[in-house]
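Colleague: You'll find coords.cif just under this line, and it carries mmCIF, C-alpha atoms.
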data_start
loop_
_atom_site.label_atom_id
_atom_site.label_comp_id
_atom_site.auth_asym_id
_atom_site.auth_seq_id
_atom_site.Cartn_x
_atom_site.Cartn_y
_atom_site.Cartn_z
CA PRO A 15 -6.60 10.43 -13.59
CA LEU A 16 -4.57 7.27 -14.30
CA PHE A 17 -7.23 5.12 -12.63
CA ILE A 18 -9.99 6.83 -14.63
CA LYS A 19 -8.05 6.33 -17.88
CA LEU A 20 -7.58 2.68 -16.95
CA CYS A 21 -11.32 2.30 -16.34
CA ASP A 22 -12.03 3.87 -19.72
CA SER A 23 -9.55 1.59 -21.55
CA ILE A 24 -10.76 -1.59 -19.83
CA SER A 25 -14.44 -0.68 -20.33
CA SER A 26 -13.87 -0.27 -24.06
CA LYS A 27 -12.37 -3.80 -24.22
CA PHE A 28 -14.69 -5.61 -21.79
CA ASN A 29 -18.36 -4.71 -21.72
CA ARG A 30 -19.44 -6.20 -18.39
CA ILE A 31 -16.76 -4.69 -16.15
CA ASN A 32 -17.51 -2.32 -13.28
CA PHE A 33 -15.16 -0.41 -11.02
CA ILE A 34 -15.25 0.71 -7.39
CA SER A 35 -12.99 3.41 -6.00
CA ILE A 36 -12.47 3.37 -2.23
CA GLY A 37 -10.91 6.28 -0.40
CA HIS A 38 -10.94 10.04 -0.39
CA GLY A 39 -8.11 12.44 -0.97
CA PRO A 40 -7.37 15.92 -2.25
CA GLU A 41 -8.15 14.86 -5.85
CA PHE A 42 -11.48 13.16 -5.05
CA GLU A 43 -13.79 15.82 -6.51
CA LYS A 44 -11.63 16.09 -9.65
CA MET A 45 -11.80 12.31 -10.11
CA VAL A 46 -15.59 12.28 -9.83
CA LEU A 47 -15.87 15.13 -12.34
CA TYR A 48 -13.33 13.50 -14.69
CA ALA A 49 -15.31 10.23 -14.57
CA LYS A 50 -18.55 12.05 -15.45
CA GLU A 51 -16.87 13.99 -18.26
CA ASN A 52 -15.64 10.67 -19.71
CA ASN A 53 -19.04 8.95 -19.37
CA LEU A 54 -17.77 6.48 -16.78
CA ASP A 55 -20.18 7.43 -13.99
CA LYS A 56 -22.34 4.34 -14.78
CA LYS A 57 -19.30 2.00 -14.67
CA LEU A 58 -17.41 3.55 -11.75
CA LYS A 59 -18.77 3.89 -8.23
CA PHE A 60 -16.97 6.17 -5.79
CA MET A 61 -17.27 4.93 -2.21
CA GLY A 62 -15.18 7.63 -0.54
CA ASN A 63 -13.83 6.78 2.89
CA THR A 64 -15.60 3.82 4.41
CA ILE A 65 -14.98 1.59 7.40
CA ASP A 66 -16.33 -1.34 5.36
CA ALA A 67 -13.55 -1.29 2.76
CA GLU A 68 -12.48 -4.88 3.46
CA LYS A 69 -16.08 -6.11 3.24
CA ILE A 70 -16.60 -4.21 -0.03
CA MET A 71 -13.42 -5.71 -1.48
CA GLU A 72 -14.30 -9.24 -0.35
CA GLU A 73 -17.82 -9.10 -1.79
CA ASN A 74 -17.13 -7.19 -5.01
CA PHE A 75 -13.53 -7.30 -6.19
CA ASP A 76 -12.14 -9.81 -8.67
CA ILE A 77 -8.98 -7.69 -9.14
CA PHE A 78 -7.46 -4.99 -6.95
CA LEU A 79 -5.73 -2.02 -8.60
CA LEU A 80 -3.34 0.49 -7.09
CA THR A 81 -2.39 3.28 -9.47
CA SER A 82 -0.48 5.48 -7.01
CA TYR A 83 2.42 7.68 -7.98
CA LYS A 84 3.98 7.23 -4.53
CA GLU A 85 3.34 4.95 -1.57
CA GLY A 86 4.85 3.63 1.60
CA LEU A 87 3.97 0.03 2.42
CA PRO A 88 0.27 0.11 1.51
CA ASN A 89 -1.98 -1.70 3.97
CA VAL A 90 -4.75 -1.82 1.38
CA VAL A 91 -2.61 -4.02 -0.88
CA MET A 92 -1.97 -6.37 2.05
CA GLU A 93 -5.72 -6.42 2.80
CA ALA A 94 -6.58 -7.32 -0.79
CA MET A 95 -3.92 -10.01 -0.89
CA SER A 96 -5.09 -11.47 2.44
CA LEU A 97 -8.53 -11.87 0.85
CA GLY A 98 -7.06 -13.74 -2.11
CA ILE A 99 -7.67 -10.88 -4.55
CA PRO A 100 -4.97 -10.60 -7.23
CA VAL A 101 -3.28 -7.19 -7.36
CA VAL A 102 -2.12 -5.06 -10.26
CA SER A 103 -0.12 -2.09 -9.03
CA THR A 104 2.30 0.60 -9.97
CA ASN A 105 5.76 -0.30 -8.69
CA VAL A 106 6.13 2.52 -6.17
CA GLY A 107 7.33 2.66 -2.58
CA GLY A 108 7.15 -0.62 -0.71
CA VAL A 109 4.72 -2.34 -3.08
CA LYS A 110 7.59 -4.42 -4.51
CA GLU A 111 8.12 -5.84 -1.01
CA LEU A 112 4.60 -7.31 -1.16
CA ILE A 113 4.15 -8.42 -4.76
CA GLU A 114 6.35 -10.83 -6.65
CA HIS A 115 5.69 -9.81 -10.25
CA GLY A 116 3.97 -12.55 -12.22
CA LYS A 117 3.49 -14.78 -9.18
CA SER A 118 1.47 -12.96 -6.50
CA GLY A 119 0.48 -9.96 -8.62
CA PHE A 120 1.65 -7.67 -11.38
CA LEU A 121 3.82 -4.56 -11.10
CA VAL A 122 4.19 -1.81 -13.69
CA PRO A 123 6.22 1.40 -13.68
CA SER A 124 4.51 4.49 -12.29
CA ASN A 125 2.06 6.05 -14.77
CA ASP A 126 2.23 3.05 -17.18
CA LEU A 127 -1.35 2.91 -18.45
CA ASN A 128 -0.55 0.32 -21.14
CA GLY A 129 1.04 -2.02 -18.60
CA LEU A 130 -1.91 -1.69 -16.23
CA VAL A 131 -4.36 -2.41 -19.05
CA ARG A 132 -2.29 -5.38 -20.27
CA TYR A 133 -2.13 -7.10 -16.86
CA CYS A 134 -5.72 -6.32 -15.92
CA SER A 135 -6.81 -7.78 -19.25
CA LEU A 136 -4.87 -10.99 -18.56
CA LEU A 137 -6.61 -11.36 -15.21
CA ILE A 138 -10.04 -10.51 -16.59
CA LYS A 139 -9.69 -13.18 -19.28
CA SER A 140 -8.49 -15.95 -16.93
CA SER A 141 -10.35 -16.97 -13.79
CA THR A 142 -7.65 -19.61 -13.27
CA LEU A 143 -4.90 -16.97 -13.24
CA ARG A 144 -6.95 -14.78 -10.88
CA ARG A 145 -7.50 -17.67 -8.50
CA GLU A 146 -3.88 -18.90 -8.55
CA MET A 147 -2.35 -15.45 -8.21
CA GLY A 148 -4.81 -14.50 -5.48
CA GLU A 149 -4.01 -17.68 -3.55
CA ARG A 150 -0.24 -17.09 -3.78
CA GLY A 151 -0.77 -13.55 -2.50
CA ARG A 152 -2.96 -14.77 0.36
CA ILE A 153 -0.36 -17.35 1.40
CA PHE A 154 2.43 -14.74 1.26
CA ILE A 155 0.55 -12.25 3.44
CA ASN A 156 -0.49 -14.93 5.94
CA ASP A 157 3.11 -16.18 6.17
CA LYS A 158 4.80 -12.77 6.42
CA PHE A 159 2.23 -10.39 7.93
CA SER A 160 -0.26 -12.42 9.96
CA SER A 161 -1.26 -11.14 13.39
CA GLU A 162 0.30 -14.23 14.96
CA LYS A 163 3.63 -13.64 13.20
CA MET A 164 3.67 -9.97 14.19
CA VAL A 165 2.89 -10.80 17.85
CA ASN A 166 5.68 -13.40 17.90
CA GLU A 167 8.15 -10.92 16.40
CA PHE A 168 7.21 -8.28 18.98
CA LYS A 169 7.68 -10.87 21.74
CA GLU A 170 11.12 -11.68 20.37
CA VAL A 171 12.10 -8.00 20.33
CA PHE A 172 10.86 -7.49 23.92
CA ASN A 173 12.58 -10.68 25.10
CA ASN A 174 15.87 -9.40 23.69
CA PHE A 175 15.59 -6.30 25.89
CA SER A 176 14.93 -8.28 29.09
#
As structure tokens, how would this structure be written, given the file I've shared?

Modeller:
Amino acid sequence: PLFIKLCDSISSKFNRINFISIGHGPEFEKMVLYAKENNLDKKLKFMGNTIDAEKIMEENFDIFLLTSYKEGLPNVVMEAMSLGIPVVSTNVGGVKELIEHGKSGFLVPSNDLNGLVRYCSLLIKSSTLRREMGERGRIFINDKFSSEKMVNEFKEVFNNFS
């Protein structure tokens, strides 16, 4: 519901904005119904589970949103950041380990619709901010979570056991 409310608020401020929801969970059918009831079905496309999520993000996303109430260390945020897509997220779970607020993305308290709308609006209005924040996020992920770095760290762990 928070994501749908965000879509509604942003759509009322910015006419040419569209949304894509990727994933499927226990609330999926309720979200689709809630979107229709709030006349957002033309602005919001539900993709469900898809193996092409990264391709969809790369080709369509200017901003990535995570409105979760709880998380671990979300791979999807790392994927968006690795693509240079700026992230606006609720500050839950390990998200704060990935995003430096105001530098590589924006964090808001859980269920903070006004904060989500405020930071999304900033990014919508400024292509420069989107580009700079996306680039800082991409650099962070490549430095800290690249495949090469992870392989090297595993090698180090295994070498310490030899």

Colleague: So how far away is CA of Ser82 (chain A) from CA of Val106 (chain A), in Å?

Modeller: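 Going from CA of Val106 (chain A) over to CA of Ser82 (chain A), I get 7.3 Å.
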
Colleague: For Asn52 (chain A), work out the shell of residues within 12 Å, counting all atoms listed in the file and skipping chain neighbours fewer than 3 positions away, then give it as a list in words.

Modeller: Pro15, Ile18, Lys19, Leu20, Cys21, Asp22, Ser23, Ser25, Ser26, Met45, Val46, Leu47, Tyr48, Ala49, Asp55, Lys56, Lys57 and Leu58 of chain A

Colleague: Just so the selection is clear, what residues does the PyMOL selection byres ((chain A and resi 118) around 7) cover here, as an MDAnalysis selection string?

Modeller: chainID A and resid 100 113:117 119 147:148 150:151

Colleague: Out of A:Cys134, A:Val122, A:Glu111, A:Gly62, which residue has the shortest atom-to-atom distance to Glu41 (chain A) when counting only C-alpha atoms?

Modeller: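 Ranked by minimum distance to Glu41 (chain A), first place goes to A:Gly62.
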
Colleague: Could you expand the PyMOL selection byres ((chain A and resi 152) around 7) into the explicit residues it covers here, written as a list in words?

Modeller: Met95, Ser96, Leu97, Gly98, Gly148, Glu149, Arg150, Gly151, Ile153, Phe154, Ile155 and Asn156 of chain A

Colleague: Keeping C-alpha atoms, export the residues of the selection given above as a short mmCIF file (atom, residue, chain, number, x, y, z; two decimals), keeping the file's coordinate frame.

Modeller:
data_model
loop_
_atom_site.label_atom_id
_atom_site.label_comp_id
_atom_site.auth_asym_id
_atom_site.auth_seq_id
_atom_site.Cartn_x
_atom_site.Cartn_y
_atom_site.Cartn_z
CA MET A 95 -3.92 -10.01 -0.89
CA SER A 96 -5.09 -11.47 2.44
CA LEU A 97 -8.53 -11.87 0.85
CA GLY A 98 -7.06 -13.74 -2.11
CA GLY A 148 -4.81 -14.50 -5.48
CA GLU A 149 -4.01 -17.68 -3.55
CA ARG A 150 -0.24 -17.09 -3.78
CA GLY A 151 -0.77 -13.55 -2.50
CA ILE A 153 -0.36 -17.35 1.40
CA PHE A 154 2.43 -14.74 1.26
CA ILE A 155 0.55 -12.25 3.44
CA ASN A 156 -0.49 -14.93 5.94
#

Colleague: Could you please determine the separation between CA of Phe159 (chain A) and CA of Phe60 (chain A) in Å, to one decimal place?

Modeller: 28.8 Å
